[in-house]
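Student: Pasting data19.txt here (compact mmCIF, C-alpha atoms):
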```txt
# COMPACT_ATOMS: atom_id res chain seq x y z
CA ALA A 170 2.35 -17.68 -2.40
CA PRO A 171 1.43 -17.07 -6.06
CA GLY A 172 -0.48 -13.96 -5.01
CA ALA A 173 2.57 -12.68 -3.14
CA VAL A 174 4.73 -13.20 -6.23
CA LEU A 175 2.23 -11.33 -8.41
CA LEU A 176 1.98 -8.52 -5.86
CA ALA A 177 5.76 -8.26 -5.69
CA ALA A 178 6.04 -8.06 -9.48
CA PHE A 179 3.30 -5.43 -9.63
CA SER A 180 4.95 -3.41 -6.85
CA TYR A 181 8.32 -3.61 -8.59
CA GLY A 182 6.80 -2.27 -11.80
CA CYS A 183 5.05 0.55 -9.95
CA ALA A 184 8.26 1.44 -8.13
CA GLY A 185 10.11 2.00 -11.40
CA VAL A 186 7.39 4.24 -12.76
CA PHE A 187 6.96 6.09 -9.45
CA GLY A 188 10.74 6.49 -9.15
CA ARG A 189 10.76 8.76 -12.21
CA ARG A 190 9.45 11.50 -9.93
CA PHE A 191 12.88 11.65 -8.33
CA ALA A 192 14.78 12.34 -11.56
CA THR A 193 16.24 15.57 -10.22
CA THR A 194 17.16 14.15 -6.82
CA PRO A 195 20.65 12.64 -6.38
CA PRO A 196 20.42 8.82 -6.36
CA ILE A 197 22.13 8.53 -2.96
CA LEU A 198 19.44 10.70 -1.34
CA THR A 199 16.63 8.77 -2.99
CA ALA A 200 18.12 5.45 -1.89
CA ALA A 201 18.71 6.73 1.66
CA GLY A 202 15.18 8.06 1.91
CA MET A 203 13.63 4.86 0.61
CA THR A 204 15.60 2.50 2.83
CA SER A 205 15.14 4.73 5.90
CA ALA A 206 11.38 5.05 5.37
CA SER A 207 10.95 1.31 4.79
CA SER A 208 13.01 0.52 7.91
CA LEU A 209 10.88 2.87 10.01
CA MET A 210 7.68 1.34 8.65
CA LEU A 211 8.86 -2.20 9.46
CA LEU A 212 10.18 -1.34 12.93
CA PRO A 213 6.82 -1.61 14.78
CA LEU A 214 6.01 -4.88 13.01
CA SER A 215 9.41 -6.36 13.86
CA ILE A 216 9.00 -5.37 17.50
CA ILE A 217 5.57 -6.99 17.68
CA VAL A 218 6.39 -10.17 15.75
CA ASP A 219 10.02 -10.86 16.68
CA GLN A 220 10.07 -9.44 20.20
CA PRO A 221 13.81 -8.80 20.00
CA TRP A 222 14.23 -8.68 23.79
CA HIS A 223 13.57 -12.47 23.80
CA LEU A 224 16.19 -13.24 21.14
CA PRO A 225 19.79 -14.12 21.97
CA VAL A 226 22.45 -11.46 21.44
CA PRO A 227 23.78 -11.80 17.88
CA THR A 228 27.36 -12.91 17.37
CA THR A 229 30.00 -10.70 15.77
CA SER A 230 29.82 -12.67 12.52
CA THR A 231 26.04 -12.21 12.42
CA ILE A 232 26.37 -8.45 12.93
CA LEU A 233 29.04 -8.23 10.22
CA ALA A 234 26.88 -10.27 7.84
CA VAL A 235 23.92 -7.95 8.42
CA LEU A 236 26.14 -4.90 7.88
CA GLY A 237 27.49 -6.44 4.66
CA PHE A 238 23.99 -7.12 3.36
CA ALA A 239 22.87 -3.64 4.37
CA THR A 240 25.72 -1.84 2.65
CA LEU A 241 26.41 -3.92 -0.45
CA SER A 242 23.23 -5.78 -1.23
CA THR A 243 20.83 -3.03 -0.22
CA ALA A 244 22.33 0.46 -0.04
CA LEU A 245 24.75 0.18 -2.96
CA ALA A 246 22.19 -1.73 -5.04
CA TYR A 247 19.58 1.00 -4.56
CA ILE A 248 22.07 3.78 -5.28
CA LEU A 249 22.86 2.03 -8.58
CA TYR A 250 19.14 1.41 -9.18
CA PHE A 251 18.23 5.08 -8.86
CA ALA A 252 21.30 6.20 -10.83
CA ILE A 253 20.31 3.94 -13.72
CA LEU A 254 16.69 5.03 -13.39
CA LYS A 255 17.80 8.64 -13.73
CA ARG A 256 19.90 7.93 -16.83
CA ALA A 257 18.04 5.19 -18.68
CA GLY A 258 14.44 5.58 -17.58
CA ALA A 259 11.98 3.23 -15.91
CA SER A 260 11.30 1.00 -18.93
CA ASN A 261 14.97 0.26 -19.60
CA LEU A 262 15.70 -0.19 -15.91
CA LEU A 263 13.01 -2.81 -15.48
CA LEU A 264 14.48 -4.86 -18.34
CA VAL A 265 17.29 -5.77 -15.94
CA THR A 266 14.86 -8.01 -14.04
CA PHE A 267 14.99 -10.45 -16.97
CA LEU A 268 18.65 -11.05 -16.11
CA ILE A 269 17.93 -12.23 -12.56
CA PRO A 270 17.33 -15.89 -13.54
CA VAL A 271 20.42 -15.85 -15.75
CA SER A 272 22.64 -14.53 -12.98
CA ALA A 273 21.07 -16.96 -10.47
CA ILE A 274 21.83 -19.93 -12.72
CA LEU A 275 25.39 -18.79 -13.44
CA LEU A 276 26.11 -18.05 -9.76
CA GLY A 277 24.68 -21.46 -8.81
CA VAL A 278 26.94 -23.17 -11.32
CA GLY A 279 29.99 -21.09 -10.41
CA PHE A 280 29.75 -21.08 -6.61
CA LEU A 281 27.44 -23.92 -5.59
CA GLY A 282 28.57 -26.58 -8.05
CA GLU A 283 25.13 -26.88 -9.66
CA VAL A 284 24.86 -28.55 -13.05
CA LEU A 285 24.20 -26.41 -16.12
CA LEU A 286 21.54 -28.26 -18.12
CA ALA A 287 20.40 -27.80 -21.69
CA GLN A 288 17.11 -26.30 -20.51
CA HIS A 289 19.08 -23.63 -18.63
CA MET A 290 21.00 -22.75 -21.76
CA ILE A 291 17.77 -22.60 -23.81
CA GLY A 292 16.12 -20.42 -21.19
CA MET A 293 19.08 -18.02 -21.12
CA ALA A 294 19.05 -17.84 -24.92
CA VAL A 295 15.31 -17.06 -24.91
CA ILE A 296 15.87 -14.31 -22.34
CA GLY A 297 18.75 -12.87 -24.37
CA PHE A 298 16.71 -12.94 -27.57
CA GLY A 299 13.75 -11.36 -25.77
CA LEU A 300 15.94 -8.53 -24.53
CA LEU A 301 17.26 -7.93 -28.04
CA VAL A 302 13.73 -7.83 -29.43
CA ILE A 303 12.53 -5.46 -26.69
CA ASP A 304 15.59 -3.29 -27.30
CA GLY A 305 14.47 -2.96 -30.91
CA ARG A 306 17.75 -3.85 -32.59
CA ILE A 307 16.58 -7.15 -34.07
CA LEU A 308 13.34 -6.02 -35.68
CA SER A 309 14.30 -2.48 -36.58
CA ARG A 310 14.84 -1.59 -40.18
CA PRO A 311 17.95 0.31 -41.12
CA LYS A 312 17.27 3.97 -41.75
CA PRO A 313 17.79 5.04 -45.35
CA ALA A 314 20.89 7.10 -45.90
CA GLN A 315 20.26 10.81 -46.29
CA PRO A 316 21.48 12.17 -49.61
CA VAL A 317 24.43 14.47 -49.28
CA THR A 318 23.74 17.87 -50.74
CA PRO A 319 26.76 19.62 -52.19
CA THR A 320 27.63 22.96 -50.68
CA LYS A 321 28.59 25.90 -52.85
```
Have the structure of the file written as structure tokens, please.
Tutor:
Amino acid sequence: APGAVLLAAFSYGCAGVFGRRFATTPPILTAAGMTSASSLMLLPLSIIVDQPWHLPVPTTSTILAVLGFATLSTALAYILYFAILKRAGASNLLLVTFLIPVSAILLGVGFLGEVLLAQHMIGMAVIGFGLLVIDGRILSRPKPAQPVTPTK
């Protein structure tokens, strides 16, 4: 499991850097190509492992849930991902991953009734401070004002 987490983090970092190659391609095409290619690569594995002909027919609610995940959580997310990658660059895009634990904690508190503990608040503050430091606004020195030269 730890190896899988490290491999996932490494792959995510490589994807951001590799995605810069598609800077001139519209984000919707890049997202469509990526999700289509990954679906085609996983199709043989899913047929071998899951053997869908042995599974019960999914209910309407299951089909709607899969369609919702496919459109909102996958397709729209990747369109936004590649749009931000095009505008902000790979380094800035990957900073968003630091916000995943923050959003998970806040969603857990807001929708699942989880308790917000002091350690959660400290962790979110550390993440926020880290993002400010990486952004360069905290440690940057103000630029000296340029003298105004009078015009004749």
Student: Can you tell me, as a list in words, what residues are no more than 8 Å from segment 239-251 of chain A when counting all atoms listed in the file, ignoring any on the same chain fewer than 3 positions away?
Tutor: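 Returned residues: Gly188, Pro196, Ile197, Thr199, Ala200, Ala201, Thr204, Val235, Leu236, Leu254, Lys255 and Leu262 of chain A.
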Student: Near Gly182 of chain A, within 12 Å and counting all atoms listed in the file, which residues show up once chain neighbours fewer than 3 positions away are dropped, as a list in words?
Tutor: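 That gives Leu175, Leu176, Ala177, Ala178, Phe179, Gly185, Val186, Phe187, Gly188, Arg189, Ala259, Ser260, Asn261, Leu262, Leu263, Leu264, Val265 and Thr266 of chain A.
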Student: Do you have the atom CA of Phe267 of chain A-atom CA of Leu300 of chain A distance handy?
Tutor: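 Computing it gives 7.9 Å between the two atoms.
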Student: How far is it from atom CA of Pro221 of chain A to atom CA of Leu209 of chain A, in Å with one decimal?
Tutor: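 Between atom CA of Pro221 of chain A and atom CA of Leu209 of chain A the gap works out to 15.6 Å.
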Student: Between atom CA of Gly297 of chain A and atom CA of Leu268 of chain A, what is the distance, to one decimal in Å?
Tutor: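 It comes out at 8.5 Å.
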Student: Please, can segment 172-183 of chain A be completed to all heavy atoms and returned as a PDB file, keeping the file's coordinate frame?
Tutor:
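Result saved to result.pdb:
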```pdb
ATOM      1  N   GLY A 172       0.005 -15.336  -5.131  1.00  0.00           N
ATOM      2  CA  GLY A 172      -0.480 -13.960  -5.010  1.00  0.00           C
ATOM      3  C   GLY A 172       0.621 -13.016  -4.536  1.00  0.00           C
ATOM      4  O   GLY A 172       0.706 -11.873  -5.003  1.00  0.00           O
ATOM      5  N   ALA A 173       1.460 -13.500  -3.620  1.00  0.00           N
ATOM      6  CA  ALA A 173       2.570 -12.680  -3.140  1.00  0.00           C
ATOM      7  C   ALA A 173       3.568 -12.401  -4.251  1.00  0.00           C
ATOM      8  O   ALA A 173       4.100 -11.291  -4.358  1.00  0.00           O
ATOM      9  CB  ALA A 173       3.265 -13.370  -1.961  1.00  0.00           C
ATOM     10  N   VAL A 174       3.813 -13.396  -5.098  1.00  0.00           N
ATOM     11  CA  VAL A 174       4.730 -13.200  -6.230  1.00  0.00           C
ATOM     12  C   VAL A 174       4.164 -12.180  -7.203  1.00  0.00           C
ATOM     13  O   VAL A 174       4.870 -11.282  -7.679  1.00  0.00           O
ATOM     14  CB  VAL A 174       5.010 -14.556  -6.932  1.00  0.00           C
ATOM     15  CG1 VAL A 174       5.751 -14.351  -8.229  1.00  0.00           C
ATOM     16  CG2 VAL A 174       5.791 -15.474  -6.006  1.00  0.00           C
ATOM     17  N   LEU A 175       2.861 -12.298  -7.503  1.00  0.00           N
ATOM     18  CA  LEU A 175       2.230 -11.330  -8.410  1.00  0.00           C
ATOM     19  C   LEU A 175       2.227  -9.925  -7.806  1.00  0.00           C
ATOM     20  O   LEU A 175       2.483  -8.940  -8.506  1.00  0.00           O
ATOM     21  CB  LEU A 175       0.804 -11.777  -8.740  1.00  0.00           C
ATOM     22  CG  LEU A 175       0.690 -13.006  -9.627  1.00  0.00           C
ATOM     23  CD1 LEU A 175      -0.774 -13.427  -9.757  1.00  0.00           C
ATOM     24  CD2 LEU A 175       1.299 -12.746 -10.984  1.00  0.00           C
ATOM     25  N   LEU A 176       1.960  -9.821  -6.517  1.00  0.00           N
ATOM     26  CA  LEU A 176       1.980  -8.520  -5.860  1.00  0.00           C
ATOM     27  C   LEU A 176       3.378  -7.919  -5.862  1.00  0.00           C
ATOM     28  O   LEU A 176       3.546  -6.711  -6.078  1.00  0.00           O
ATOM     29  CB  LEU A 176       1.447  -8.637  -4.423  1.00  0.00           C
ATOM     30  CG  LEU A 176       1.365  -7.342  -3.627  1.00  0.00           C
ATOM     31  CD1 LEU A 176       0.396  -6.368  -4.290  1.00  0.00           C
ATOM     32  CD2 LEU A 176       0.938  -7.625  -2.199  1.00  0.00           C
ATOM     33  N   ALA A 177       4.383  -8.750  -5.657  1.00  0.00           N
ATOM     34  CA  ALA A 177       5.760  -8.260  -5.690  1.00  0.00           C
ATOM     35  C   ALA A 177       6.128  -7.758  -7.076  1.00  0.00           C
ATOM     36  O   ALA A 177       6.744  -6.690  -7.216  1.00  0.00           O
ATOM     37  CB  ALA A 177       6.722  -9.370  -5.253  1.00  0.00           C
ATOM     38  N   ALA A 178       5.753  -8.495  -8.113  1.00  0.00           N
ATOM     39  CA  ALA A 178       6.040  -8.060  -9.480  1.00  0.00           C
ATOM     40  C   ALA A 178       5.315  -6.765  -9.810  1.00  0.00           C
ATOM     41  O   ALA A 178       5.892  -5.845 -10.410  1.00  0.00           O
ATOM     42  CB  ALA A 178       5.645  -9.154 -10.467  1.00  0.00           C
ATOM     43  N   PHE A 179       4.062  -6.656  -9.401  1.00  0.00           N
ATOM     44  CA  PHE A 179       3.300  -5.430  -9.630  1.00  0.00           C
ATOM     45  C   PHE A 179       3.933  -4.254  -8.890  1.00  0.00           C
ATOM     46  O   PHE A 179       4.087  -3.166  -9.446  1.00  0.00           O
ATOM     47  CB  PHE A 179       1.848  -5.633  -9.172  1.00  0.00           C
ATOM     48  CG  PHE A 179       1.004  -4.403  -9.291  1.00  0.00           C
ATOM     49  CD1 PHE A 179       0.554  -3.986 -10.536  1.00  0.00           C
ATOM     50  CD2 PHE A 179       0.660  -3.667  -8.174  1.00  0.00           C
ATOM     51  CE1 PHE A 179      -0.230  -2.844 -10.655  1.00  0.00           C
ATOM     52  CE2 PHE A 179      -0.115  -2.535  -8.282  1.00  0.00           C
ATOM     53  CZ  PHE A 179      -0.561  -2.112  -9.528  1.00  0.00           C
ATOM     54  N   SER A 180       4.324  -4.472  -7.645  1.00  0.00           N
ATOM     55  CA  SER A 180       4.950  -3.410  -6.850  1.00  0.00           C
ATOM     56  C   SER A 180       6.273  -2.976  -7.465  1.00  0.00           C
ATOM     57  O   SER A 180       6.608  -1.788  -7.474  1.00  0.00           O
ATOM     58  CB  SER A 180       5.189  -3.897  -5.418  1.00  0.00           C
ATOM     59  OG  SER A 180       3.971  -4.203  -4.802  1.00  0.00           O
ATOM     60  N   TYR A 181       7.031  -3.934  -7.976  1.00  0.00           N
ATOM     61  CA  TYR A 181       8.320  -3.610  -8.590  1.00  0.00           C
ATOM     62  C   TYR A 181       8.113  -2.739  -9.829  1.00  0.00           C
ATOM     63  O   TYR A 181       8.832  -1.770 -10.053  1.00  0.00           O
ATOM     64  CB  TYR A 181       9.059  -4.899  -8.946  1.00  0.00           C
ATOM     65  CG  TYR A 181      10.516  -4.705  -9.215  1.00  0.00           C
ATOM     66  CD1 TYR A 181      11.407  -4.501  -8.173  1.00  0.00           C
ATOM     67  CD2 TYR A 181      11.027  -4.724 -10.507  1.00  0.00           C
ATOM     68  CE1 TYR A 181      12.757  -4.323  -8.412  1.00  0.00           C
ATOM     69  CE2 TYR A 181      12.362  -4.547 -10.757  1.00  0.00           C
ATOM     70  CZ  TYR A 181      13.222  -4.349  -9.700  1.00  0.00           C
ATOM     71  OH  TYR A 181      14.550  -4.161  -9.947  1.00  0.00           O
ATOM     72  N   GLY A 182       7.116  -3.076 -10.623  1.00  0.00           N
ATOM     73  CA  GLY A 182       6.800  -2.270 -11.800  1.00  0.00           C
ATOM     74  C   GLY A 182       6.348  -0.872 -11.422  1.00  0.00           C
ATOM     75  O   GLY A 182       6.752   0.118 -12.036  1.00  0.00           O
ATOM     76  N   CYS A 183       5.511  -0.775 -10.417  1.00  0.00           N
ATOM     77  CA  CYS A 183       5.050   0.550  -9.950  1.00  0.00           C
ATOM     78  C   CYS A 183       6.203   1.371  -9.393  1.00  0.00           C
ATOM     79  O   CYS A 183       6.238   2.587  -9.566  1.00  0.00           O
ATOM     80  CB  CYS A 183       3.972   0.379  -8.894  1.00  0.00           C
ATOM     81  SG  CYS A 183       2.411  -0.241  -9.542  1.00  0.00           S
TER      82      CYS A 183
END
```
